[in-house]
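Source file: my_file.txt (compact mmCIF, C-alpha atoms and all ligand atoms)
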```txt
# COMPACT_ATOMS: atom_id res chain seq x y z
CA THR A 1 -65.55 -25.51 -93.81
CA THR A 2 -64.52 -23.25 -96.68
CA PHE A 3 -62.68 -20.00 -97.24
CA ALA A 4 -66.02 -18.17 -97.03
CA ASP A 5 -66.60 -19.60 -93.54
CA TRP A 6 -63.09 -18.61 -92.41
CA ASN A 7 -63.56 -15.11 -93.81
CA ARG A 8 -66.89 -14.71 -92.06
CA SER A 9 -65.40 -15.96 -88.82
CA ASP A 10 -62.49 -13.49 -88.94
CA GLU A 11 -64.88 -10.65 -89.76
CA TYR A 12 -67.19 -11.66 -86.90
CA HIS A 13 -64.43 -11.75 -84.28
CA ASN A 14 -62.73 -8.63 -85.62
CA SER A 15 -66.02 -6.73 -85.39
CA PHE A 16 -65.84 -7.03 -81.59
CA LEU A 17 -62.11 -6.86 -80.99
CA ILE A 18 -60.47 -4.71 -83.66
CA PRO A 19 -61.85 -1.24 -84.40
CA LYS A 20 -61.47 -0.09 -88.00
CA ASP A 21 -58.20 1.77 -88.42
CA ALA A 22 -57.98 4.16 -91.36
CA ALA A 23 -54.17 4.00 -91.41
CA LEU A 24 -54.07 0.21 -91.67
CA ASP A 25 -56.98 -0.02 -94.13
CA GLY A 26 -55.38 2.75 -96.20
CA ALA A 27 -52.08 0.86 -96.32
CA LEU A 28 -53.80 -2.26 -97.65
CA GLN A 29 -55.71 -0.23 -100.20
CA PHE A 30 -52.67 1.66 -101.48
CA SER A 31 -50.64 -1.57 -101.65
CA ALA A 32 -53.40 -3.21 -103.70
CA GLU A 33 -53.63 -0.18 -106.01
CA GLN A 34 -49.88 -0.43 -106.54
CA GLY A 35 -50.29 -4.06 -107.58
CA LEU A 36 -48.72 -5.74 -104.54
CA PRO A 37 -49.96 -9.27 -103.89
CA ASN A 38 -52.44 -9.82 -101.07
CA ILE A 39 -49.97 -11.74 -98.88
CA SER A 40 -49.64 -9.55 -95.82
CA VAL A 41 -50.70 -10.90 -92.44
CA SER A 42 -54.43 -10.86 -91.73
CA THR A 43 -56.00 -8.16 -89.56
CA ALA A 44 -56.29 -10.53 -86.61
CA GLN A 45 -52.69 -11.67 -87.02
CA GLY A 46 -51.47 -8.08 -87.22
CA LYS A 47 -53.31 -7.35 -83.98
CA PHE A 48 -51.72 -10.46 -82.46
CA LEU A 49 -48.23 -9.21 -83.38
CA LYS A 50 -49.04 -5.87 -81.79
CA LEU A 51 -50.23 -7.60 -78.61
CA VAL A 52 -47.10 -9.75 -78.40
CA ALA A 53 -44.94 -6.64 -78.74
CA LYS A 54 -46.94 -4.93 -76.01
CA SER A 55 -46.88 -7.98 -73.73
CA ILE A 56 -43.10 -8.14 -73.71
CA GLY A 57 -42.67 -4.37 -73.52
CA ALA A 58 -40.90 -4.32 -76.87
CA GLN A 59 -38.91 -1.22 -77.75
CA ARG A 60 -36.97 -2.59 -80.70
CA VAL A 61 -38.53 -4.92 -83.26
CA LEU A 62 -36.97 -6.52 -86.34
CA GLU A 63 -39.08 -7.60 -89.30
CA VAL A 64 -37.78 -9.69 -92.20
CA GLY A 65 -40.03 -9.16 -95.25
CA THR A 66 -41.75 -5.76 -95.54
CA LEU A 67 -43.96 -5.91 -98.65
CA GLY A 68 -46.22 -2.81 -98.35
CA GLY A 69 -45.54 -2.45 -94.64
CA TYR A 70 -48.90 -3.61 -93.28
CA SER A 71 -47.42 -5.78 -90.51
CA THR A 72 -44.79 -3.12 -89.81
CA ILE A 73 -47.51 -0.58 -89.05
CA TRP A 74 -49.15 -2.98 -86.58
CA LEU A 75 -45.79 -3.52 -84.87
CA ALA A 76 -44.97 0.19 -84.81
CA GLN A 77 -48.32 0.92 -83.16
CA ALA A 78 -47.24 -1.24 -80.21
CA LEU A 79 -44.07 0.68 -79.48
CA PRO A 80 -43.55 3.40 -76.90
CA GLU A 81 -42.04 6.78 -77.69
CA GLY A 82 -38.50 6.21 -78.93
CA GLY A 83 -39.22 2.64 -80.06
CA GLU A 84 -38.11 1.41 -83.47
CA VAL A 85 -39.01 -1.24 -86.05
CA VAL A 86 -36.23 -2.19 -88.44
CA THR A 87 -37.67 -3.94 -91.49
CA LEU A 88 -35.70 -5.74 -94.21
CA GLU A 89 -36.93 -5.87 -97.83
CA LEU A 90 -35.37 -7.09 -101.06
CA SER A 91 -37.47 -5.01 -103.46
CA GLU A 92 -36.75 -1.28 -103.76
CA ARG A 93 -40.27 -0.76 -105.11
CA ASN A 94 -41.95 -2.58 -102.21
CA ALA A 95 -39.87 -0.52 -99.80
CA GLU A 96 -41.02 2.71 -101.48
CA ILE A 97 -44.68 1.68 -101.24
CA ALA A 98 -44.15 0.75 -97.58
CA GLN A 99 -42.51 4.12 -96.86
CA ALA A 100 -45.53 5.91 -98.33
CA ASN A 101 -47.82 3.78 -96.15
CA TYR A 102 -45.76 4.53 -93.01
CA HIS A 103 -45.92 8.22 -93.78
CA ASN A 104 -49.70 8.15 -94.25
CA ALA A 105 -50.13 6.13 -91.07
CA GLY A 106 -48.05 8.64 -89.07
CA VAL A 107 -45.53 6.01 -87.95
CA ALA A 108 -42.67 6.75 -90.36
CA PRO A 109 -40.36 8.17 -87.63
CA LYS A 110 -40.49 4.82 -85.81
CA ILE A 111 -39.54 2.69 -88.82
CA LYS A 112 -36.25 2.07 -90.62
CA VAL A 113 -36.41 0.14 -93.90
CA ILE A 114 -33.23 -1.55 -95.09
CA VAL A 115 -33.33 -2.54 -98.78
CA GLY A 116 -31.32 -5.54 -99.93
CA ASN A 117 -31.18 -9.29 -99.63
CA ALA A 118 -32.04 -9.93 -95.99
CA THR A 119 -29.64 -12.88 -95.85
CA ASP A 120 -26.91 -10.18 -96.13
CA THR A 121 -28.49 -7.16 -94.45
CA ILE A 122 -29.52 -9.07 -91.34
CA THR A 123 -25.87 -9.93 -90.65
CA THR A 124 -25.03 -6.20 -90.43
CA LEU A 125 -27.41 -5.58 -87.51
CA ASP A 126 -26.37 -5.33 -83.89
CA PRO A 127 -28.27 -6.68 -80.87
CA GLU A 128 -30.55 -6.16 -79.13
CA PHE A 129 -34.09 -6.63 -80.33
CA ASP A 130 -37.07 -7.65 -78.21
CA LEU A 131 -39.07 -9.24 -81.02
CA VAL A 132 -38.25 -10.58 -84.48
CA PHE A 133 -40.96 -11.31 -87.06
CA ILE A 134 -39.77 -13.47 -89.96
CA ASP A 135 -41.99 -13.30 -93.07
CA ALA A 136 -39.84 -13.29 -96.23
CA ASP A 137 -38.53 -16.05 -98.55
CA LYS A 138 -39.31 -19.21 -96.66
CA LYS A 139 -36.32 -21.10 -98.04
CA ASN A 140 -34.05 -18.89 -95.93
CA ASN A 141 -36.05 -19.36 -92.72
CA LEU A 142 -33.26 -21.18 -90.90
CA ASN A 143 -30.75 -18.48 -91.89
CA TYR A 144 -33.05 -15.77 -90.60
CA PHE A 145 -33.89 -17.70 -87.46
CA THR A 146 -30.21 -18.26 -86.63
CA GLU A 147 -29.52 -14.54 -87.04
CA ALA A 148 -32.66 -13.69 -85.06
CA LYS A 149 -31.32 -15.73 -82.13
CA ARG A 150 -28.11 -13.70 -82.24
CA LEU A 151 -30.05 -10.43 -82.27
CA VAL A 152 -32.86 -11.03 -79.79
CA ARG A 153 -32.51 -10.55 -76.03
CA LYS A 154 -33.04 -13.33 -73.51
CA GLY A 155 -36.81 -13.64 -73.04
CA GLY A 156 -37.33 -12.04 -76.44
CA VAL A 157 -39.65 -13.58 -79.00
CA ILE A 158 -39.11 -14.82 -82.57
CA ILE A 159 -42.22 -15.41 -84.70
CA VAL A 160 -42.08 -17.08 -88.12
CA ASP A 161 -45.14 -16.82 -90.39
CA ASN A 162 -46.54 -19.41 -92.81
CA VAL A 163 -45.12 -22.54 -91.23
CA VAL A 164 -48.17 -24.76 -91.88
CA ARG A 165 -49.19 -23.87 -95.45
CA ASN A 166 -52.47 -25.78 -95.66
CA GLY A 167 -50.83 -28.70 -93.90
CA ARG A 168 -48.42 -29.18 -96.80
CA VAL A 169 -45.33 -28.85 -94.61
CA SER A 170 -46.27 -32.20 -93.05
CA ASP A 171 -47.12 -33.85 -96.41
CA PRO A 172 -44.02 -35.51 -97.91
CA SER A 173 -45.41 -35.24 -101.45
CA TYR A 174 -44.63 -31.48 -101.36
CA THR A 175 -40.91 -30.75 -101.83
CA ASP A 176 -40.60 -27.15 -103.07
CA SER A 177 -37.89 -24.96 -101.57
CA ASN A 178 -40.28 -22.93 -99.40
CA ILE A 179 -41.74 -26.03 -97.79
CA GLU A 180 -38.26 -27.51 -97.38
CA GLY A 181 -37.13 -24.24 -95.75
CA ILE A 182 -39.76 -24.67 -93.05
CA ARG A 183 -38.83 -28.33 -92.55
CA MET A 184 -35.15 -27.38 -92.18
CA LEU A 185 -36.09 -24.88 -89.48
CA LEU A 186 -38.21 -27.44 -87.62
CA LYS A 187 -35.42 -30.04 -87.77
CA ALA A 188 -32.91 -27.53 -86.41
CA LEU A 189 -35.27 -26.57 -83.58
CA LYS A 190 -35.54 -30.18 -82.42
CA ASP A 191 -32.02 -29.99 -80.94
CA ASP A 192 -31.92 -26.26 -80.23
CA ASN A 193 -31.43 -25.55 -76.52
CA GLU A 194 -31.32 -21.76 -76.99
CA VAL A 195 -35.04 -21.38 -77.64
CA ASP A 196 -38.34 -22.95 -76.60
CA ALA A 197 -40.91 -23.02 -79.41
CA THR A 198 -44.34 -24.13 -80.58
CA THR A 199 -46.43 -23.89 -83.73
CA LEU A 200 -49.76 -22.12 -83.44
CA GLY A 201 -52.01 -23.14 -86.31
CA THR A 202 -54.06 -20.25 -87.69
CA VAL A 203 -57.13 -20.23 -89.90
CA GLY A 204 -59.03 -17.22 -91.19
CA GLU A 205 -59.20 -14.85 -94.13
CA LYS A 206 -55.70 -15.97 -95.22
CA GLY A 207 -56.61 -19.65 -95.23
CA TYR A 208 -55.05 -22.41 -93.12
CA ASP A 209 -51.53 -21.65 -91.95
CA GLY A 210 -49.57 -21.05 -88.74
CA PHE A 211 -47.09 -19.05 -86.72
CA LEU A 212 -44.01 -20.57 -85.15
CA TYR A 213 -43.55 -18.83 -81.80
CA ALA A 214 -40.17 -19.10 -80.06
CA VAL A 215 -38.81 -17.59 -76.86
CA LYS A 216 -35.06 -17.14 -76.41
CA LEU A 217 -33.94 -18.82 -73.21
N1 LIG A 301 -44.68 -8.92 -93.54
C1 LIG A 301 -45.50 -8.40 -94.62
C2 LIG A 301 -46.89 -8.14 -94.10
O1 LIG A 301 -47.44 -8.99 -93.41
O2 LIG A 301 -47.44 -7.06 -94.40
C3 LIG A 301 -45.56 -9.38 -95.78
C4 LIG A 301 -44.23 -9.80 -96.32
S1 LIG A 301 -44.35 -10.73 -97.84
C5 LIG A 301 -45.14 -12.19 -97.31
C6 LIG A 301 -42.68 -11.21 -98.12
C7 LIG A 301 -41.74 -10.09 -98.52
O3 LIG A 301 -40.41 -10.59 -98.40
C8 LIG A 301 -41.91 -9.60 -99.96
O4 LIG A 301 -42.08 -8.21 -99.97
C9 LIG A 301 -40.60 -9.98 -100.63
O5 LIG A 301 -40.13 -9.03 -101.59
C10 LIG A 301 -39.64 -10.03 -99.45
N2 LIG A 301 -38.46 -10.87 -99.68
C11 LIG A 301 -38.37 -12.04 -100.37
N3 LIG A 301 -37.12 -12.50 -100.36
C12 LIG A 301 -36.38 -11.62 -99.66
C13 LIG A 301 -35.01 -11.53 -99.31
N4 LIG A 301 -34.12 -12.45 -99.69
N5 LIG A 301 -34.61 -10.47 -98.58
C14 LIG A 301 -35.49 -9.52 -98.18
N6 LIG A 301 -36.79 -9.55 -98.48
C15 LIG A 301 -37.24 -10.57 -99.21
```
Would you mind writing the file out in structure tokens?
Ligand code: SAM
Amino acid sequence: TTFADWNRSDEYHNSFLIPKDAALDGALQFSAEQGLPNISVSTAQGKFLKLVAKSIGAQRVLEVGTLGGYSTIWLAQALPEGGEVVTLELSERNAEIAQANYHNAGVAPKIKVIVGNATDTITTLDPEFDLVFIDADKKNNLNYFTEAKRLVRKGGVIIVDNVVRNGRVSDPSYTDSNIEGIRMLLKALKDDNEVDATTLGTVGEKGYDGFLYAVKL
């Protein structure tokens, strides 16, 4: 199978399960016009994040890695009145593009963007969050995951994106810092009694990758 097959498959399933949403489509379009790379979660993955948030009755969600705010909008759409997504982003420009997208999508009041290096800004946050979505620089995954465990409530969920990377994470010939960051997280999880976790491989319009899904015990 090829990328074209995966794209067609996502489009086919989405056509039954995910109605077109002008706010989300508009956010992707504006982000592209502003020159942001096409590295946000896929439509189906965004819907999955929304469903997880709904399933656990999330009121407070933390996101690490905002980009143009596409995944943030999905998460915000899951929250009840008074709910909040806090999202951490290194780039001032990305944060500004995201803010414009939140405004256009009508979810700006539910979202707080904190600009800075998330390895620092995450340490300033106080518990509790119901859900943490980690999708920033992969080399710091273990850092973010350790902080996420501090911040999330018991029974809360931590999801880490891009943990499969075309199967490269399991191929020892790849040694770049992003791949190593995922391996470090996996090694730490082997002896971690505070969470229970699994990797869910994903394939679709974003290629072959996966989510790590962890529940805090
Ligand atoms: N979650 C977004 C979505 O699905 O729409 C995509 C996030 S993109 C894959 C990763 C983002 O993490 C980029 O915007 C990048 O600037 C940001 N980032 C990279 N290193 C960071 C760091 N140390 N602290 C905070 N953000 C960082």
Can you list, as a list in words, every protein, DNA or RNA residue that comes within 10 Å of Lys149 (chain A) when you count all atoms listed in the file, leaving out same-chain residues fewer than 6 positions away?
Pro127, Phe129, Val132, Gly156, Val157, Ile158, Glu194, Val195, Ala214, Val215, Lys216 and Leu217 of chain A
Minimum-distance residue to Leu90 (chain A), chosen among A:Ile114, A:Ala78, A:Val41, A:Ile73 (using only C-alpha atoms):
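Nearest to Leu90 (chain A): A:Ile114.
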Could the residues of chain A that have an atom at most 7 Å from ligand LIG 301 (chain A) be listed as JSON lines, each with its closest atom pair and the distance in Å to one decimal, counting all atoms listed in the file and ordered by chain and ascending residue number?
```
{"residue": "A:Ile39", "atom": "CA", "partner": "A:LIG301", "partner_atom": "C5", "distance": 5.1}
{"residue": "A:Ser40", "atom": "CA", "partner": "A:LIG301", "partner_atom": "O1", "distance": 3.3}
{"residue": "A:Val41", "atom": "CA", "partner": "A:LIG301", "partner_atom": "O1", "distance": 3.9}
{"residue": "A:Val64", "atom": "CA", "partner": "A:LIG301", "partner_atom": "N6", "distance": 6.4}
{"residue": "A:Gly65", "atom": "CA", "partner": "A:LIG301", "partner_atom": "O3", "distance": 3.5}
{"residue": "A:Thr66", "atom": "CA", "partner": "A:LIG301", "partner_atom": "C1", "distance": 4.7}
{"residue": "A:Leu67", "atom": "CA", "partner": "A:LIG301", "partner_atom": "O4", "distance": 3.3}
{"residue": "A:Gly68", "atom": "CA", "partner": "A:LIG301", "partner_atom": "O2", "distance": 5.9}
{"residue": "A:Gly69", "atom": "CA", "partner": "A:LIG301", "partner_atom": "O2", "distance": 5.0}
{"residue": "A:Tyr70", "atom": "CA", "partner": "A:LIG301", "partner_atom": "O2", "distance": 3.9}
{"residue": "A:Ser71", "atom": "CA", "partner": "A:LIG301", "partner_atom": "O2", "distance": 4.1}
{"residue": "A:Thr72", "atom": "CA", "partner": "A:LIG301", "partner_atom": "O2", "distance": 6.6}
{"residue": "A:Leu88", "atom": "CA", "partner": "A:LIG301", "partner_atom": "C14", "distance": 5.5}
{"residue": "A:Glu89", "atom": "CA", "partner": "A:LIG301", "partner_atom": "N6", "distance": 3.7}
{"residue": "A:Leu90", "atom": "CA", "partner": "A:LIG301", "partner_atom": "C14", "distance": 3.8}
{"residue": "A:Ser91", "atom": "CA", "partner": "A:LIG301", "partner_atom": "O5", "distance": 5.2}
{"residue": "A:Asn94", "atom": "CA", "partner": "A:LIG301", "partner_atom": "O4", "distance": 6.1}
{"residue": "A:Gly116", "atom": "CA", "partner": "A:LIG301", "partner_atom": "C14", "distance": 6.0}
{"residue": "A:Asn117", "atom": "CA", "partner": "A:LIG301", "partner_atom": "N5", "distance": 3.8}
{"residue": "A:Ala118", "atom": "CA", "partner": "A:LIG301", "partner_atom": "N5", "distance": 3.7}
{"residue": "A:Thr119", "atom": "CA", "partner": "A:LIG301", "partner_atom": "N4", "distance": 5.9}
{"residue": "A:Asp135", "atom": "CA", "partner": "A:LIG301", "partner_atom": "N1", "distance": 5.2}
{"residue": "A:Ala136", "atom": "CA", "partner": "A:LIG301", "partner_atom": "O3", "distance": 3.5}
{"residue": "A:Asp137", "atom": "CA", "partner": "A:LIG301", "partner_atom": "N3", "distance": 4.2}
```
Please, which residues in region 83-124 of chain A fall within 7 Å of region 15-28 of chain A when counting all atoms listed in the file, and what is the closest atom pair and distance in Å to one decimal for each, ordered by chain then residue number, as JSON lines?
```
{"residue": "A:Asn101", "atom": "CA", "partner": "A:Ala27", "partner_atom": "CA", "distance": 5.2}
{"residue": "A:Asn104", "atom": "CA", "partner": "A:Ala23", "partner_atom": "CA", "distance": 6.7}
{"residue": "A:Ala105", "atom": "CA", "partner": "A:Ala23", "partner_atom": "CA", "distance": 4.6}
```
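Closest to Gly82 (chain A) among A:Leu125, A:Glu11, A:Ile111, A:Arg165 is A:Ile111, based on all atoms listed in the file.
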Smallest atom-to-atom distance to Asn178 (chain A): which of A:Lys138, A:Ala197, A:Val85, A:Phe211, using all atoms listed in the file?
A:Lys138
Atomic separation - CA of Val113 (chain A) relative to CA of Gly35 (chain A), Å
19.9 Å
Which one of A:Ala100, A:Lys47, A:Asn143, A:Gly210 sits closest to Ala188 (chain A) if you count all atoms listed in the file?
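The answer is A:Asn143, which sits nearest to Ala188 (chain A).
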Atomic separation - CA of Ile134 (chain A) relative to CA of Ser173 (chain A), Å:
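CA of Ile134 (chain A) lies 25.3 Å from CA of Ser173 (chain A).
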Between CA of Asn14 (chain A) and CA of Val52 (chain A), what is the distance, to one decimal in Å?
17.3 Å
Please give the centre and size of the box around region 147-158 of chain A (axis-aligned, containing every atom listed in the file, 5 Å added per side), with values in Å to one decimal and written as JSON.
```
{"center_x": -33.9, "center_y": -13.1, "center_z": -80.0, "size_x": 21.5, "size_y": 15.3, "size_z": 24.0}
```
Name all residues at most 10 Å from Gly201 (chain A) (count only C-alpha atoms; drop same-chain ones fewer than 5 positions away) and give them as an mmCIF file with C-alpha atoms, in the frame of the given file.
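Saved the output as part-v8.cif:
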```cif
data_model
loop_
_atom_site.group_PDB
_atom_site.id
_atom_site.type_symbol
_atom_site.label_atom_id
_atom_site.label_comp_id
_atom_site.auth_asym_id
_atom_site.auth_seq_id
_atom_site.Cartn_x
_atom_site.Cartn_y
_atom_site.Cartn_z
ATOM 1 C CA ASN A 162 -46.540 -19.410 -92.810
ATOM 2 C CA VAL A 163 -45.120 -22.540 -91.230
ATOM 3 C CA VAL A 164 -48.170 -24.760 -91.880
ATOM 4 C CA ARG A 165 -49.190 -23.870 -95.450
ATOM 5 C CA ASN A 166 -52.470 -25.780 -95.660
ATOM 6 C CA GLY A 167 -50.830 -28.700 -93.900
ATOM 7 C CA TYR A 208 -55.050 -22.410 -93.120
ATOM 8 C CA ASP A 209 -51.530 -21.650 -91.950
ATOM 9 C CA GLY A 210 -49.570 -21.050 -88.740
ATOM 10 C CA PHE A 211 -47.090 -19.050 -86.720
ATOM 11 C CA LEU A 212 -44.010 -20.570 -85.150
#
```
Some atoms are missing, so please complete region 145-175 of chain A with N, CA and C atoms and return it as a compact mmCIF listing (two decimals), in the coordinates of the input.
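What ended up in rebuild11.txt:
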```txt
# COMPACT_ATOMS: atom_id res chain seq x y z
N PHE A 145 -33.65 -17.32 -88.86
CA PHE A 145 -33.89 -17.70 -87.46
C PHE A 145 -32.58 -17.71 -86.67
N THR A 146 -31.52 -18.21 -87.30
CA THR A 146 -30.21 -18.26 -86.63
C THR A 146 -29.73 -16.85 -86.31
N GLU A 147 -29.90 -15.94 -87.27
CA GLU A 147 -29.52 -14.54 -87.04
C GLU A 147 -30.44 -13.90 -85.98
N ALA A 148 -31.71 -14.25 -86.04
CA ALA A 148 -32.66 -13.69 -85.06
C ALA A 148 -32.25 -14.08 -83.65
N LYS A 149 -31.77 -15.29 -83.47
CA LYS A 149 -31.32 -15.73 -82.13
C LYS A 149 -30.13 -14.90 -81.65
N ARG A 150 -29.26 -14.55 -82.59
CA ARG A 150 -28.11 -13.70 -82.24
C ARG A 150 -28.58 -12.31 -81.81
N LEU A 151 -29.64 -11.82 -82.45
CA LEU A 151 -30.05 -10.43 -82.27
C LEU A 151 -31.02 -10.21 -81.12
N VAL A 152 -31.78 -11.24 -80.75
CA VAL A 152 -32.86 -11.03 -79.79
C VAL A 152 -32.33 -11.20 -78.36
N ARG A 153 -32.92 -10.46 -77.44
CA ARG A 153 -32.51 -10.55 -76.03
C ARG A 153 -33.05 -11.84 -75.41
N LYS A 154 -32.48 -12.21 -74.29
CA LYS A 154 -33.04 -13.33 -73.51
C LYS A 154 -34.48 -12.97 -73.13
N GLY A 155 -35.40 -13.91 -73.31
CA GLY A 155 -36.81 -13.64 -73.04
C GLY A 155 -37.51 -12.97 -74.20
N GLY A 156 -36.74 -12.63 -75.23
CA GLY A 156 -37.33 -12.04 -76.44
C GLY A 156 -38.01 -13.12 -77.27
N VAL A 157 -38.78 -12.67 -78.24
CA VAL A 157 -39.65 -13.58 -79.00
C VAL A 157 -39.28 -13.53 -80.49
N ILE A 158 -39.29 -14.71 -81.11
CA ILE A 158 -39.11 -14.82 -82.57
C ILE A 158 -40.37 -15.50 -83.12
N ILE A 159 -41.02 -14.84 -84.08
CA ILE A 159 -42.22 -15.41 -84.70
C ILE A 159 -41.95 -15.60 -86.19
N VAL A 160 -42.25 -16.78 -86.69
CA VAL A 160 -42.08 -17.08 -88.12
C VAL A 160 -43.47 -17.35 -88.71
N ASP A 161 -43.81 -16.64 -89.79
CA ASP A 161 -45.14 -16.82 -90.39
C ASP A 161 -45.12 -17.92 -91.44
N ASN A 162 -46.29 -18.45 -91.71
CA ASN A 162 -46.54 -19.41 -92.81
C ASN A 162 -45.81 -20.74 -92.66
N VAL A 163 -45.85 -21.29 -91.46
CA VAL A 163 -45.12 -22.54 -91.23
C VAL A 163 -46.00 -23.79 -91.40
N VAL A 164 -47.27 -23.60 -91.74
CA VAL A 164 -48.17 -24.76 -91.88
C VAL A 164 -48.58 -24.96 -93.35
N ARG A 165 -48.90 -23.86 -94.02
CA ARG A 165 -49.19 -23.87 -95.45
C ARG A 165 -50.20 -24.95 -95.84
N ASN A 166 -51.41 -24.82 -95.34
CA ASN A 166 -52.47 -25.78 -95.66
C ASN A 166 -52.11 -27.21 -95.28
N GLY A 167 -51.23 -27.35 -94.33
CA GLY A 167 -50.83 -28.70 -93.90
C GLY A 167 -49.78 -29.33 -94.80
N ARG A 168 -49.34 -28.60 -95.82
CA ARG A 168 -48.42 -29.18 -96.80
C ARG A 168 -47.04 -29.45 -96.22
N VAL A 169 -46.67 -28.67 -95.20
CA VAL A 169 -45.33 -28.85 -94.61
C VAL A 169 -45.19 -30.28 -94.06
N SER A 170 -46.31 -30.85 -93.62
CA SER A 170 -46.27 -32.20 -93.05
C SER A 170 -46.57 -33.28 -94.09
N ASP A 171 -46.77 -32.88 -95.35
CA ASP A 171 -47.12 -33.85 -96.41
C ASP A 171 -45.88 -34.07 -97.29
N PRO A 172 -45.28 -35.26 -97.21
CA PRO A 172 -44.02 -35.51 -97.91
C PRO A 172 -44.12 -35.39 -99.43
N SER A 173 -45.33 -35.36 -100.00
CA SER A 173 -45.41 -35.24 -101.45
C SER A 173 -45.09 -33.82 -101.93
N TYR A 174 -45.03 -32.85 -101.00
CA TYR A 174 -44.63 -31.48 -101.36
C TYR A 174 -43.15 -31.30 -101.04
N THR A 175 -42.37 -30.85 -102.03
CA THR A 175 -40.91 -30.75 -101.83
C THR A 175 -40.34 -29.43 -102.34
```
